[in-house]
There are 2 protein chains.
Amino acid sequence: MSKWKPVVRAKPREQRERQLINAALECISTLGLSDTTVQAVAAEAGMAVGSISQYFDNKSRLLTAVLRQLSEEFEHAWRQALADCDPDPARRLGAFVRCYFQPALCQRRKIAVWFAFWGEVKAQPHYQEVCARYDRLHDETLESLCAALIEAGGYRERRAREAAKLIASMCQGLWLELVTGRDRLKRTELTSLALDGLGALFPRHVPAFALETTVRG
Amino acid sequence: MSKWKPVVRAKPREQRERQLINAALECISTLGLSDTTVQAVAAEAGMAVGSISQYFDNKSRLLTAVLRQLSEEFEHAWRQALADCDPDPARRLGAFVRCYFQPALCQRRKIAVWFAFWGEVKAQPHYQEVCARYDRLHDETLESLCAALIEAGGYRERRAREAAKLIASMCQGLWLELVTGRDRLKRTELTSLALDGLGALFPRHVPAFALETTVRG
DNA sequence: GATTTATGAATGAATGTTCATTCATCAATT
DNA sequence: AATTGATGAATGAACATTCATTCATAAATC
C-alpha cells in the first residue's frame, strides 16, 4: 500500500525559507549553478521538492533569494564594521576592506557562489537587478571613504571615484583567487595583500590600515 | 588507392571545429553556461547537432575547447606584447597589463565567458585543469616582470610575488566590472584604472607605464 | 563505386512544476 | 474533558518539457 511519510513538525515560515536558501547555497557551491536541481536542493534541505514552490514560487525565485541573502549579509557586515570603527578616515577605509576577508564571508564555499551568479549576470540580467541597490550603496560608501581620506590625508593626486573602483576590483579579484588560484591562499594572506594594495594607493597611512579596530559600543 | 588523408583534408576540419567553438562562445555569452544547449550551439553555427559529437566527442569537450581557446588567445596576446616590447622593465610590465584591456580580448562578450567558466570552477575542477598550465606561465611571467622592475627600480619595500598577485587580481577585478558594473566603463577607462593601480605600486615609473610600446621587429 | 562526412529525427534520461493526499494543530462544540 | 471539524503545511508521484546522445540515411568526395 501507500507508504507513510514521517511528517516533521511545522516550523516557522522564515526558518524553513532559510533552510532552503542555505541548501541551495550549498548545492550551488558544490554542483555549480548548472547542475543545481530542485531535487538536489530538496535532498540537501531534507525536504520535499514540493516545498520549494510552497515557499518560493519557482526555482528561479529561490536562486535569486540566495543571491539576495549573500548581498544582505555582505552589506550588514560592512555597515557593522563601520559602526564599530572610530572616525579616523584611514581606519574606516581599512575596516571596510577587511570586511571582504572576514571569516564569515570569505569562505571558498560562499565566494564560489558569488562567482556562479556573476558568471551568469550577462545572460540573466535579473541577477543584476537583485544586486543593483546593494552595489550602489557599497560603491557610494567606499567612494566617500576614499574621499574623506584623500581630503584628510592630502592625497591630491588621487580621485575618490577611481580609487574606489580600484579597491573594489582588487578585493573582488582577490576573491577570485580563492576560487581559481592554484596556490591555496589563506584568508589572512588575502587580507595582507589587500591591505598592501590599499597602502600603495595611500602610502602615508599604511600603519593605520594595518590596525584592527577594537572599539565596541 | 591512397587510404591516406592528404594535407588538404585537414584544413576544413580545423575550420569547422573553430566554427563550433565560436558558436559555443557566443551562446555561453548570451545564454549563460546553464542554458547553452547543443541545439543552440548547432543553430548558432549553422550546423547539425550531430556534428558536435563528430568533432568533439560530447558537449563537455566542446565547452572545454572554448575555455582552452580563450586561454590560448590570451597567452598569445601577452607573449606577442612582450616580444614587441623593448627591454625596459617598466615598459614591459605596462605592456603586460595593457594586454588585459586590448580590443581583441577585452569585450564584454568574451569576459562574460571567462566568468561563466570561473563561476563553475569549484564544481567542475576539470576547468581548472585546462587553465592550469596557462595560469602558471602567466603568473610566473608576471612575477618575473615585477622582480625585474623591483630590482632595476630599487623598490625594496615590494616583493615580486605579492605585487604580481595584486596586479593580476586587480586586472581580473576590473574585468568583472565590465560584466557586472552599473556604469558601463569603457575599455580605455579600465586601462587607465589598471595603469593607475600599477603606478601606485611602482610610483617612480608612472611615466613609463603610460607609454604605448611602438617598437615592431 | 567506395568511403568519408553531414544531417536531424528518434530516443530515453533528467528536470521543473503541479496537485491530490495525508495529517498535525487548534478552535468550536458537546 | 473529550470530541469533532476546519485549516493549511508537507509530501512526492505523475506529467510535460527539455536536452544530450545516437544512428540510419543522405550527400559529398575520391
# chains A, B, ... in the order shown; residues from 1 in each chain; ligands from 1
call {"tool": "calpha_fit_rmsd", "arguments": {"fixed": "chain B", "moving": "chain A"}}
result
5.1 Å
call {"tool": "closest_atom_pairs", "arguments": {"of": "chain D", "to": "segment 12-27 of chain C", "cutoff": "12 Å", "atoms": "only C-alpha atoms (C1' of nucleotides)", "output": "CSV"}}
result
residue,atom,partner,partner_atom,distance
D:DT4,C1',C:DA27,C1',10.5
D:DG5,C1',C:DA27,C1',9.3
D:DA6,C1',C:DA27,C1',8.7
D:DT7,C1',C:DT25,C1',8.7
D:DG8,C1',C:DT25,C1',9.8
D:DA9,C1',C:DA24,C1',8.9
D:DA10,C1',C:DT22,C1',8.7
D:DT11,C1',C:DT22,C1',8.2
D:DG12,C1',C:DT21,C1',10.2
D:DA13,C1',C:DA20,C1',10.1
D:DA14,C1',C:DT18,C1',8.8
D:DC15,C1',C:DT18,C1',8.2
D:DA16,C1',C:DT17,C1',9.1
D:DT17,C1',C:DT15,C1',8.5
D:DT18,C1',C:DT15,C1',7.9
D:DC19,C1',C:DA14,C1',8.2
D:DA20,C1',C:DA13,C1',9.2
D:DT21,C1',C:DG12,C1',9.6
D:DT22,C1',C:DG12,C1',10.6
call {"tool": "write_last_selection", "arguments": {"atoms": "C-alpha atoms (C1' of nucleotides)", "output": "mmCIF file, in the first residue's frame"}}
result
data_model
loop_
_atom_site.group_PDB
_atom_site.id
_atom_site.type_symbol
_atom_site.label_atom_id
_atom_site.label_comp_id
_atom_site.auth_asym_id
_atom_site.auth_seq_id
_atom_site.Cartn_x
_atom_site.Cartn_y
_atom_site.Cartn_z
ATOM 1 C "C1'" DT D 4 -15.317 16.967 16.142
ATOM 2 C "C1'" DG D 5 -14.187 19.654 12.208
ATOM 3 C "C1'" DA D 6 -11.601 23.038 9.710
ATOM 4 C "C1'" DT D 7 -7.131 24.581 8.193
ATOM 5 C "C1'" DG D 8 -3.098 24.508 5.675
ATOM 6 C "C1'" DA D 9 1.777 22.675 5.824
ATOM 7 C "C1'" DA D 10 4.268 18.954 3.841
ATOM 8 C "C1'" DT D 11 4.797 15.443 0.648
ATOM 9 C "C1'" DG D 12 6.209 13.001 -3.651
ATOM 10 C "C1'" DA D 13 4.207 10.539 -7.671
ATOM 11 C "C1'" DA D 14 2.736 11.992 -12.105
ATOM 12 C "C1'" DC D 15 3.240 14.922 -16.038
ATOM 13 C "C1'" DA D 16 5.069 17.703 -19.707
ATOM 14 C "C1'" DT D 17 9.125 19.577 -21.293
ATOM 15 C "C1'" DT D 18 13.824 19.922 -22.413
ATOM 16 C "C1'" DC D 19 18.175 18.116 -23.506
ATOM 17 C "C1'" DA D 20 22.403 15.234 -24.873
ATOM 18 C "C1'" DT D 21 23.341 11.479 -27.465
ATOM 19 C "C1'" DT D 22 22.703 8.141 -31.083
#
call {"tool": "interface_residues", "arguments": {"of": "chain A", "to": "chain B", "cutoff": "8 Å", "atoms": "only C-alpha atoms", "output": "number ranges by chain"}}
result
A: 29-34, 112-124, 128, 132, 162, 166, 168-174, 176-177, 179-180, 182, 193-194, 197, 200-201
call {"tool": "closest_atom_pairs", "arguments": {"of": "chain B", "to": "chain C", "cutoff": "8 Å", "atoms": "only C-alpha atoms (C1' of nucleotides)", "output": "tab-separated table"}}
result
residue	atom	partner	partner_atom	distance
B:Ala48	CA	C:DT7	C1'	5.9
B:Val49	CA	C:DG8	C1'	7.4
B:Gly50	CA	C:DT7	C1'	6.9
B:Ser51	CA	C:DA6	C1'	6.9
call {"tool": "write_last_selection", "arguments": {"atoms": "C-alpha atoms", "output": "mmCIF file, in the first residue's frame"}}
result
data_model
loop_
_atom_site.group_PDB
_atom_site.id
_atom_site.type_symbol
_atom_site.label_atom_id
_atom_site.label_comp_id
_atom_site.auth_asym_id
_atom_site.auth_seq_id
_atom_site.Cartn_x
_atom_site.Cartn_y
_atom_site.Cartn_z
ATOM 1 C CA ALA B 48 23.532 19.957 -37.327
ATOM 2 C CA VAL B 49 23.574 18.778 -33.742
ATOM 3 C CA GLY B 50 25.245 15.567 -34.811
ATOM 4 C CA SER B 51 28.291 17.496 -35.973
#
call {"tool": "closest_atom_pairs", "arguments": {"of": "chain B", "to": "chain D", "cutoff": "8 Å", "atoms": "only C-alpha atoms (C1' of nucleotides)", "output": "tab-separated table"}}
result
residue	atom	partner	partner_atom	distance
B:Thr37	CA	D:DC19	C1'	7.1
B:Val38	CA	D:DA20	C1'	7.3
B:Lys59	CA	D:DA20	C1'	7.6
call {"tool": "write_last_selection", "arguments": {"atoms": "N, CA and C atoms", "output": "PDB file, in the first residue's frame"}}
result
ATOM      1  N   THR B  37      22.724  24.933 -24.862  1.00  0.00           N
ATOM      2  CA  THR B  37      22.412  23.563 -25.251  1.00  0.00           C
ATOM      3  C   THR B  37      23.104  23.235 -26.571  1.00  0.00           C
ATOM      4  N   VAL B  38      23.220  21.970 -26.849  1.00  0.00           N
ATOM      5  CA  VAL B  38      23.862  21.589 -28.103  1.00  0.00           C
ATOM      6  C   VAL B  38      23.026  22.075 -29.295  1.00  0.00           C
ATOM      7  N   LYS B  59      29.352  17.276 -25.536  1.00  0.00           N
ATOM      8  CA  LYS B  59      29.184  18.686 -25.208  1.00  0.00           C
ATOM      9  C   LYS B  59      30.292  19.179 -24.288  1.00  0.00           C
TER      10      LYS B  59
END
call {"tool": "select_by_dssp", "arguments": {"residues": "chain B", "states": "alpha helix (DSSP H)", "output": "ChimeraX atom specification"}}
result
/B:7-31,38-45,50-55,59-83,89-99,108-118,125-153,160-180,187-201,206-210
